[in-house]
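J.: Dropping in query.cif, which is mmCIF, C-alpha atoms:
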data_data
#
loop_
_atom_site.label_atom_id
_atom_site.label_comp_id
_atom_site.auth_asym_id
_atom_site.auth_seq_id
_atom_site.Cartn_x
_atom_site.Cartn_y
_atom_site.Cartn_z
CA GLU H 1 0.00 0.00 0.00
CA VAL H 2 1.33 3.42 -0.95
CA ILE H 3 0.73 6.08 1.65
CA PRO H 4 0.81 9.60 0.20
CA PRO H 5 2.77 12.24 2.13
CA LYS H 6 0.87 14.51 4.46
CA ALA H 7 -0.16 17.88 3.08
CA GLY H 8 2.69 20.34 3.41
CA SER H 9 5.36 17.67 3.96
CA ILE H 10 8.29 17.20 1.65
CA SER H 11 8.84 13.77 0.13
CA SER H 12 12.25 13.23 -1.42
CA GLY H 13 11.39 9.91 -3.09
CA VAL H 14 14.01 7.64 -4.59
CA THR H 15 17.04 9.42 -5.98
CA MET H 16 19.37 8.40 -8.79
CA ARG H 17 22.01 8.00 -6.10
CA ASP H 18 19.78 5.46 -4.31
CA LEU H 19 19.34 3.55 -7.57
CA VAL H 20 23.07 3.42 -8.35
CA GLU H 21 23.82 2.20 -4.82
CA ALA H 22 21.05 -0.44 -4.94
CA THR H 23 22.22 -1.61 -8.36
CA THR H 24 25.71 -2.45 -7.08
CA GLN H 25 24.18 -4.71 -4.43
CA MET H 26 22.48 -6.80 -7.14
CA ARG H 27 25.84 -8.03 -8.50
CA PRO H 28 25.27 -6.71 -12.03
CA ASP H 29 27.40 -7.48 -15.06
CA GLY H 30 27.28 -3.81 -15.92
CA ILE H 31 25.83 -0.48 -14.82
CA ILE H 32 24.55 2.08 -17.28
CA VAL H 33 23.32 5.41 -15.97
CA GLY H 34 21.37 7.24 -18.66
CA GLU H 35 22.60 10.65 -17.59
CA THR H 36 24.71 11.66 -14.62
CA THR H 37 23.49 14.99 -13.29
CA GLY H 38 24.36 15.13 -9.61
CA GLU H 39 25.95 13.49 -6.62
CA GLU H 40 25.23 10.00 -7.99
CA ALA H 41 28.41 10.57 -10.00
CA PHE H 42 30.37 9.71 -6.84
CA ASP H 43 28.53 6.41 -6.40
CA LEU H 44 28.97 5.58 -10.08
CA LEU H 45 32.74 6.17 -9.83
CA GLN H 46 32.87 4.01 -6.70
CA ALA H 47 30.98 1.20 -8.47
CA LEU H 48 33.18 1.37 -11.56
CA ASN H 49 36.26 1.16 -9.37
CA THR H 50 35.10 -1.99 -7.60
CA GLY H 51 34.93 -4.34 -10.53
CA HIS H 52 31.69 -3.27 -12.21
CA PHE H 53 31.62 -2.41 -15.92
CA GLY H 54 29.67 0.72 -16.72
CA ALA H 55 28.89 3.77 -18.77
CA SER H 56 27.00 7.02 -18.48
CA THR H 57 26.25 10.17 -20.37
CA ILE H 58 27.21 13.63 -19.23
CA HIS H 59 26.42 16.97 -20.80
CA ALA H 60 29.49 19.08 -21.59
CA ASN H 61 30.56 21.33 -24.45
CA THR H 62 33.66 19.34 -25.43
CA ALA H 63 35.55 16.19 -24.48
CA GLU H 64 37.94 18.38 -22.49
CA ASP H 65 35.02 19.94 -20.60
CA SER H 66 33.56 16.55 -19.66
CA ILE H 67 36.20 15.84 -17.01
CA PRO H 68 35.78 19.08 -14.99
CA ARG H 69 32.01 18.66 -15.34
CA LEU H 70 32.25 15.17 -13.85
CA VAL H 71 34.54 16.49 -11.09
CA SER H 72 31.92 19.13 -10.30
CA LEU H 73 29.16 16.51 -10.07
CA VAL H 74 31.24 14.21 -7.86
CA SER H 75 32.03 17.16 -5.59
CA GLN H 76 28.29 17.58 -4.92
CA ALA H 77 28.36 14.36 -2.87
CA ASP H 78 30.83 16.09 -0.52
CA MET H 79 32.63 12.76 0.02
CA ILE H 80 35.90 13.39 -1.80
CA LYS H 81 37.82 16.42 -3.06
CA GLY H 82 40.72 17.50 -5.23
CA GLU H 83 43.13 15.21 -7.03
CA ALA H 84 41.48 12.09 -5.59
CA ILE H 85 38.42 12.74 -7.78
CA TYR H 86 40.60 12.85 -10.89
CA ASP H 87 42.29 9.60 -9.86
CA LEU H 88 38.87 7.91 -9.54
CA ILE H 89 37.85 9.18 -12.99
CA ILE H 90 41.07 7.89 -14.59
CA ALA H 91 40.53 4.47 -13.02
CA ALA H 92 36.79 4.28 -13.78
CA PHE H 93 36.50 5.58 -17.33
CA ASP H 94 38.57 4.89 -20.44
CA LEU H 95 36.91 6.89 -23.20
CA VAL H 96 34.83 9.96 -23.87
CA VAL H 97 32.52 9.64 -26.87
CA VAL H 98 31.35 13.03 -28.16
CA THR H 99 28.12 13.26 -30.12
CA THR H 100 26.95 16.26 -32.10
CA ARG H 101 23.58 17.19 -33.52
CA PHE H 102 23.91 18.62 -37.02
CA PRO H 103 21.23 21.30 -37.55
CA GLU H 104 21.40 20.86 -41.33
CA ASP H 105 19.65 17.48 -41.27
CA GLY H 106 18.87 16.99 -37.58
CA SER H 107 21.10 13.91 -37.41
CA ARG H 108 23.20 13.00 -34.41
CA LYS H 109 26.61 11.61 -35.14
CA ILE H 110 29.59 10.58 -33.09
CA GLU H 111 32.00 13.46 -33.63
CA GLY H 112 34.98 11.94 -31.89
CA ILE H 113 36.32 9.30 -29.53
CA TYR H 114 38.85 10.43 -26.95
CA GLU H 115 40.92 8.48 -24.46
CA ILE H 116 41.00 9.80 -20.92
CA GLY H 117 44.60 10.47 -19.93
CA SER H 118 46.32 8.20 -17.44
CA GLU H 119 47.54 10.86 -15.01
CA VAL H 120 46.46 14.11 -13.41
CA LYS H 121 48.30 17.14 -14.76
CA GLN H 122 48.52 20.75 -13.64
CA THR H 123 48.47 23.97 -15.63
CA GLU H 124 50.98 26.76 -14.99
CA ALA H 125 48.23 28.47 -12.99
CA GLY H 126 47.97 25.39 -10.73
CA VAL H 127 44.67 24.10 -12.09
CA LEU H 128 44.35 20.31 -12.11
CA TYR H 129 43.17 18.52 -15.25
CA VAL H 130 43.18 15.19 -17.01
CA PRO H 131 43.85 15.39 -20.73
CA THR H 132 41.53 13.84 -23.29
CA ILE H 133 43.46 12.44 -26.23
CA PRO H 134 41.74 12.18 -29.64
CA ILE H 135 41.66 8.66 -31.10
CA TRP H 136 39.00 8.92 -33.84
CA LYS H 137 37.37 11.96 -35.48
CA PHE H 138 34.41 12.36 -37.80
CA ILE H 139 35.43 14.12 -41.01
CA LEU H 140 32.66 15.89 -42.91
CA ASP H 141 32.70 14.88 -46.59
CA SER H 142 29.61 16.61 -47.89
CA ASN H 143 26.44 18.40 -47.01
CA GLU H 144 24.49 17.89 -50.24
CA ASP H 145 20.76 18.53 -49.95
CA ASN H 146 21.32 19.25 -46.26
CA ILE H 147 22.32 15.64 -45.60
CA ILE H 148 25.52 15.25 -43.61
CA LYS H 149 27.90 12.60 -44.92
CA GLY H 150 31.35 11.84 -43.65
CA HIS H 151 33.88 9.24 -42.64
CA TRP H 152 36.00 8.28 -39.65
CA GLU H 153 39.66 9.07 -39.44
CA GLN H 154 42.00 7.59 -36.86
CA VAL H 155 44.02 10.43 -35.37
CA GLY H 156 45.61 8.64 -32.44
CA GLU H 157 46.12 5.29 -30.83
CA LEU H 158 45.05 3.83 -27.53
CA SER H 159 47.80 4.30 -24.93
CA GLU H 160 49.89 1.48 -23.54
CA PHE H 161 48.25 2.21 -20.15
CA ARG H 162 44.77 1.37 -21.52
CA LYS H 163 46.01 -1.56 -23.61
CA LYS H 164 47.57 -3.08 -20.52
CA LYS H 165 44.51 -2.35 -18.37
CA HIS H 166 42.31 -4.31 -20.80
CA ASN H 167 44.84 -6.94 -21.87
CA LEU H 168 45.02 -5.61 -25.42
CA GLN H 169 48.79 -5.91 -25.84
CA HIS H 170 49.98 -7.86 -28.85
CA THR H 171 52.10 -10.85 -27.97
#
Please express what this file holds, its structure, as structure tokens.
T.:
Amino acid sequence: EVIPPKAGSISSGVTMRDLVEATTQMRPDGIIVGETTGEEAFDLLQALNTGHFGASTIHANTAEDSIPRLVSLVSQADMIKGEAIYDLIIAAFDLVVVTTRFPEDGSRKIEGIYEIGSEVKQTEAGVLYVPTIPIWKFILDSNEDNIIKGHWEQVGELSEFRKKKHNLQHT
């Protein structure tokens, strides 16, 4: 039986954070969070760093902007700060896949695939960051009749760090 909240009371309901935490207790093969928008980002990073496979979407302007955006979301949980967040991201995620909506034909295409760097770096101003390294890029070939056509071009290679992590070394 569902009992509605009393008039004037605030009911918080089930949060995305609750769902991510409950999911890990079900021993899943993988965890996919449709969109990470808040403090559940911390729980997702924790899950992905304890043997669970997973993926999520995040809204950011560029591949480079996705990492500070994720750091900002993880910080909302107020459980971890600073370089430790970047270390969790490096260990949890391997790639950033950037999609773009082309207004000419309304299509969505993968614009690029970027590897997340393997170490935290610092700018001259002291700002921490993790580089995103381009691996594949979408190259626009034509826009005839407002229909976007293109091809993929490999612009980089997966690092030895990621190859080793996933046992992709050639013997």
J.: Any idea what's packed within 10 Å of Leu19 (chain H), counting only C-alpha atoms, ignoring anything in its chain fewer than 3 positions away? Could you give it as a ChimeraX atom specification?
T.: /H:14-16,22-24,33,40,43
J.: In Å, how far is it from CA of Glu111 (chain H) to CA of Phe138 (chain H)?
T.: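 So the answer is 4.9 Å.
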J.: Taking only C-alpha atoms into account, which of H:Thr62, H:Thr132, H:Gln169, H:Asn49 comes nearest Ala91 (chain H)?
T.: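 Checking each of H:Thr62, H:Thr132, H:Gln169, H:Asn49 against Ala91 (chain H), counting only C-alpha atoms, the winner is H:Asn49.
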J.: Evaluated on this file, the PyMOL selection byres ((chain H and resi 48) around 12) picks out some residues - which ones are they, written as JSON, numbers by chain?
T.: {"H": [20, 21, 23, 24, 28, 29, 30, 31, 32, 33, 41, 42, 43, 44, 45, 46, 47, 49, 50, 51, 52, 53, 54, 55, 56, 88, 89, 90, 91, 92, 93, 94]}
J.: For CA of Gly117 (chain H) and CA of Pro131 (chain H), determine how far apart the two atoms are, in Å to one decimal place.
T.: 5.0 Å
J.: What does the structure give for the distance between CA of His59 (chain H) and CA of Lys164 (chain H), in Å to one decimal?
T.: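 We find that CA of His59 (chain H) and CA of Lys164 (chain H) lie 29.1 Å from each other.
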J.: Using all atoms listed in the file, which residue out of H:Ile148, H:Ala84, H:Leu168, H:Val155 lies closest to Glu119 (chain H)?
T.: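 Under the stated criterion, the closest residue is H:Ala84.
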J.: Which neighbours of Ser107 (chain H) fall inside 12 Å, counting only C-alpha atoms, when residues of the same chain fewer than 2 positions from it are skipped, and could you give them as a PDB file with C-alpha atoms, in the coordinates of the input?
T.:
ATOM      1  CA  THR H  99      28.120  13.260 -30.120  1.00  0.00           C
ATOM      2  CA  THR H 100      26.950  16.260 -32.100  1.00  0.00           C
ATOM      3  CA  ARG H 101      23.580  17.190 -33.520  1.00  0.00           C
ATOM      4  CA  PHE H 102      23.910  18.620 -37.020  1.00  0.00           C
ATOM      5  CA  PRO H 103      21.230  21.300 -37.550  1.00  0.00           C
ATOM      6  CA  GLU H 104      21.400  20.860 -41.330  1.00  0.00           C
ATOM      7  CA  ASP H 105      19.650  17.480 -41.270  1.00  0.00           C
ATOM      8  CA  LYS H 109      26.610  11.610 -35.140  1.00  0.00           C
ATOM      9  CA  ILE H 110      29.590  10.580 -33.090  1.00  0.00           C
ATOM     10  CA  GLU H 111      32.000  13.460 -33.630  1.00  0.00           C
ATOM     11  CA  ASN H 143      26.440  18.400 -47.010  1.00  0.00           C
ATOM     12  CA  ASN H 146      21.320  19.250 -46.260  1.00  0.00           C
ATOM     13  CA  ILE H 147      22.320  15.640 -45.600  1.00  0.00           C
ATOM     14  CA  ILE H 148      25.520  15.250 -43.610  1.00  0.00           C
ATOM     15  CA  LYS H 149      27.900  12.600 -44.920  1.00  0.00           C
TER      16      LYS H 149
END
J.: Generate the coordinates of N, CA and C atoms for region 60-88 of chain H; report them as a PDB file, keeping the file's coordinate frame.
T.:
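Below is the file that was written, rebuild.pdb:
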ATOM      1  N   ALA H  60      28.365  18.147 -21.630  1.00  0.00           N
ATOM      2  CA  ALA H  60      29.490  19.080 -21.590  1.00  0.00           C
ATOM      3  C   ALA H  60      29.690  19.612 -23.006  1.00  0.00           C
ATOM      4  N   ASN H  61      30.370  20.719 -23.134  1.00  0.00           N
ATOM      5  CA  ASN H  61      30.560  21.330 -24.450  1.00  0.00           C
ATOM      6  C   ASN H  61      31.581  20.603 -25.313  1.00  0.00           C
ATOM      7  N   THR H  62      32.607  20.031 -24.690  1.00  0.00           N
ATOM      8  CA  THR H  62      33.660  19.340 -25.430  1.00  0.00           C
ATOM      9  C   THR H  62      34.131  18.143 -24.615  1.00  0.00           C
ATOM     10  N   ALA H  63      34.955  17.298 -25.223  1.00  0.00           N
ATOM     11  CA  ALA H  63      35.550  16.190 -24.480  1.00  0.00           C
ATOM     12  C   ALA H  63      36.365  16.712 -23.305  1.00  0.00           C
ATOM     13  N   GLU H  64      37.117  17.789 -23.547  1.00  0.00           N
ATOM     14  CA  GLU H  64      37.940  18.380 -22.490  1.00  0.00           C
ATOM     15  C   GLU H  64      37.081  18.879 -21.330  1.00  0.00           C
ATOM     16  N   ASP H  65      35.911  19.412 -21.630  1.00  0.00           N
ATOM     17  CA  ASP H  65      35.020  19.940 -20.600  1.00  0.00           C
ATOM     18  C   ASP H  65      34.307  18.843 -19.807  1.00  0.00           C
ATOM     19  N   SER H  66      34.282  17.626 -20.333  1.00  0.00           N
ATOM     20  CA  SER H  66      33.560  16.550 -19.660  1.00  0.00           C
ATOM     21  C   SER H  66      34.204  16.161 -18.330  1.00  0.00           C
ATOM     22  N   ILE H  67      35.522  16.242 -18.244  1.00  0.00           N
ATOM     23  CA  ILE H  67      36.200  15.840 -17.010  1.00  0.00           C
ATOM     24  C   ILE H  67      35.918  16.841 -15.884  1.00  0.00           C
ATOM     25  N   PRO H  68      36.127  18.163 -16.083  1.00  0.00           N
ATOM     26  CA  PRO H  68      35.780  19.080 -14.990  1.00  0.00           C
ATOM     27  C   PRO H  68      34.291  19.052 -14.643  1.00  0.00           C
ATOM     28  N   ARG H  69      33.454  18.783 -15.621  1.00  0.00           N
ATOM     29  CA  ARG H  69      32.010  18.660 -15.340  1.00  0.00           C
ATOM     30  C   ARG H  69      31.761  17.486 -14.406  1.00  0.00           C
ATOM     31  N   LEU H  70      32.396  16.350 -14.694  1.00  0.00           N
ATOM     32  CA  LEU H  70      32.250  15.170 -13.850  1.00  0.00           C
ATOM     33  C   LEU H  70      32.824  15.434 -12.453  1.00  0.00           C
ATOM     34  N   VAL H  71      33.948  16.126 -12.381  1.00  0.00           N
ATOM     35  CA  VAL H  71      34.540  16.490 -11.090  1.00  0.00           C
ATOM     36  C   VAL H  71      33.542  17.336 -10.288  1.00  0.00           C
ATOM     37  N   SER H  72      32.904  18.276 -10.949  1.00  0.00           N
ATOM     38  CA  SER H  72      31.920  19.130 -10.300  1.00  0.00           C
ATOM     39  C   SER H  72      30.754  18.314  -9.744  1.00  0.00           C
ATOM     40  N   LEU H  73      30.278  17.355 -10.521  1.00  0.00           N
ATOM     41  CA  LEU H  73      29.160  16.510 -10.070  1.00  0.00           C
ATOM     42  C   LEU H  73      29.568  15.634  -8.894  1.00  0.00           C
ATOM     43  N   VAL H  74      30.758  15.043  -8.963  1.00  0.00           N
ATOM     44  CA  VAL H  74      31.240  14.210  -7.860  1.00  0.00           C
ATOM     45  C   VAL H  74      31.390  15.038  -6.597  1.00  0.00           C
ATOM     46  N   SER H  75      31.841  16.274  -6.740  1.00  0.00           N
ATOM     47  CA  SER H  75      32.030  17.160  -5.590  1.00  0.00           C
ATOM     48  C   SER H  75      30.721  17.439  -4.852  1.00  0.00           C
ATOM     49  N   GLN H  76      29.594  17.337  -5.551  1.00  0.00           N
ATOM     50  CA  GLN H  76      28.290  17.580  -4.920  1.00  0.00           C
ATOM     51  C   GLN H  76      28.005  16.581  -3.807  1.00  0.00           C
ATOM     52  N   ALA H  77      28.577  15.380  -3.899  1.00  0.00           N
ATOM     53  CA  ALA H  77      28.360  14.360  -2.870  1.00  0.00           C
ATOM     54  C   ALA H  77      29.105  14.706  -1.586  1.00  0.00           C
ATOM     55  N   ASP H  78      30.065  15.622  -1.677  1.00  0.00           N
ATOM     56  CA  ASP H  78      30.830  16.090  -0.520  1.00  0.00           C
ATOM     57  C   ASP H  78      31.514  14.938   0.216  1.00  0.00           C
ATOM     58  N   MET H  79      31.968  13.929  -0.557  1.00  0.00           N
ATOM     59  CA  MET H  79      32.630  12.760   0.020  1.00  0.00           C
ATOM     60  C   MET H  79      34.120  12.738  -0.286  1.00  0.00           C
ATOM     61  N   ILE H  80      34.525  13.447  -1.325  1.00  0.00           N
ATOM     62  CA  ILE H  80      35.900  13.390  -1.800  1.00  0.00           C
ATOM     63  C   ILE H  80      36.210  14.705  -2.504  1.00  0.00           C
ATOM     64  N   LYS H  81      37.450  15.135  -2.457  1.00  0.00           N
ATOM     65  CA  LYS H  81      37.820  16.420  -3.060  1.00  0.00           C
ATOM     66  C   LYS H  81      39.147  16.315  -3.795  1.00  0.00           C
ATOM     67  N   GLY H  82      39.419  17.310  -4.610  1.00  0.00           N
ATOM     68  CA  GLY H  82      40.720  17.500  -5.230  1.00  0.00           C
ATOM     69  C   GLY H  82      41.191  16.400  -6.155  1.00  0.00           C
ATOM     70  N   GLU H  83      42.492  16.139  -6.102  1.00  0.00           N
ATOM     71  CA  GLU H  83      43.130  15.210  -7.030  1.00  0.00           C
ATOM     72  C   GLU H  83      42.559  13.797  -6.929  1.00  0.00           C
ATOM     73  N   ALA H  84      42.053  13.436  -5.775  1.00  0.00           N
ATOM     74  CA  ALA H  84      41.480  12.090  -5.590  1.00  0.00           C
ATOM     75  C   ALA H  84      40.306  11.852  -6.544  1.00  0.00           C
ATOM     76  N   ILE H  85      39.531  12.885  -6.836  1.00  0.00           N
ATOM     77  CA  ILE H  85      38.420  12.740  -7.780  1.00  0.00           C
ATOM     78  C   ILE H  85      38.967  12.402  -9.165  1.00  0.00           C
ATOM     79  N   TYR H  86      39.998  13.111  -9.573  1.00  0.00           N
ATOM     80  CA  TYR H  86      40.600  12.850 -10.890  1.00  0.00           C
ATOM     81  C   TYR H  86      41.137  11.428 -10.967  1.00  0.00           C
ATOM     82  N   ASP H  87      41.767  10.958  -9.886  1.00  0.00           N
ATOM     83  CA  ASP H  87      42.290   9.600  -9.860  1.00  0.00           C
ATOM     84  C   ASP H  87      41.167   8.574 -10.034  1.00  0.00           C
ATOM     85  N   LEU H  88      40.027   8.811  -9.387  1.00  0.00           N
ATOM     86  CA  LEU H  88      38.870   7.910  -9.540  1.00  0.00           C
ATOM     87  C   LEU H  88      38.371   7.906 -10.979  1.00  0.00           C
TER      88      LEU H  88
END
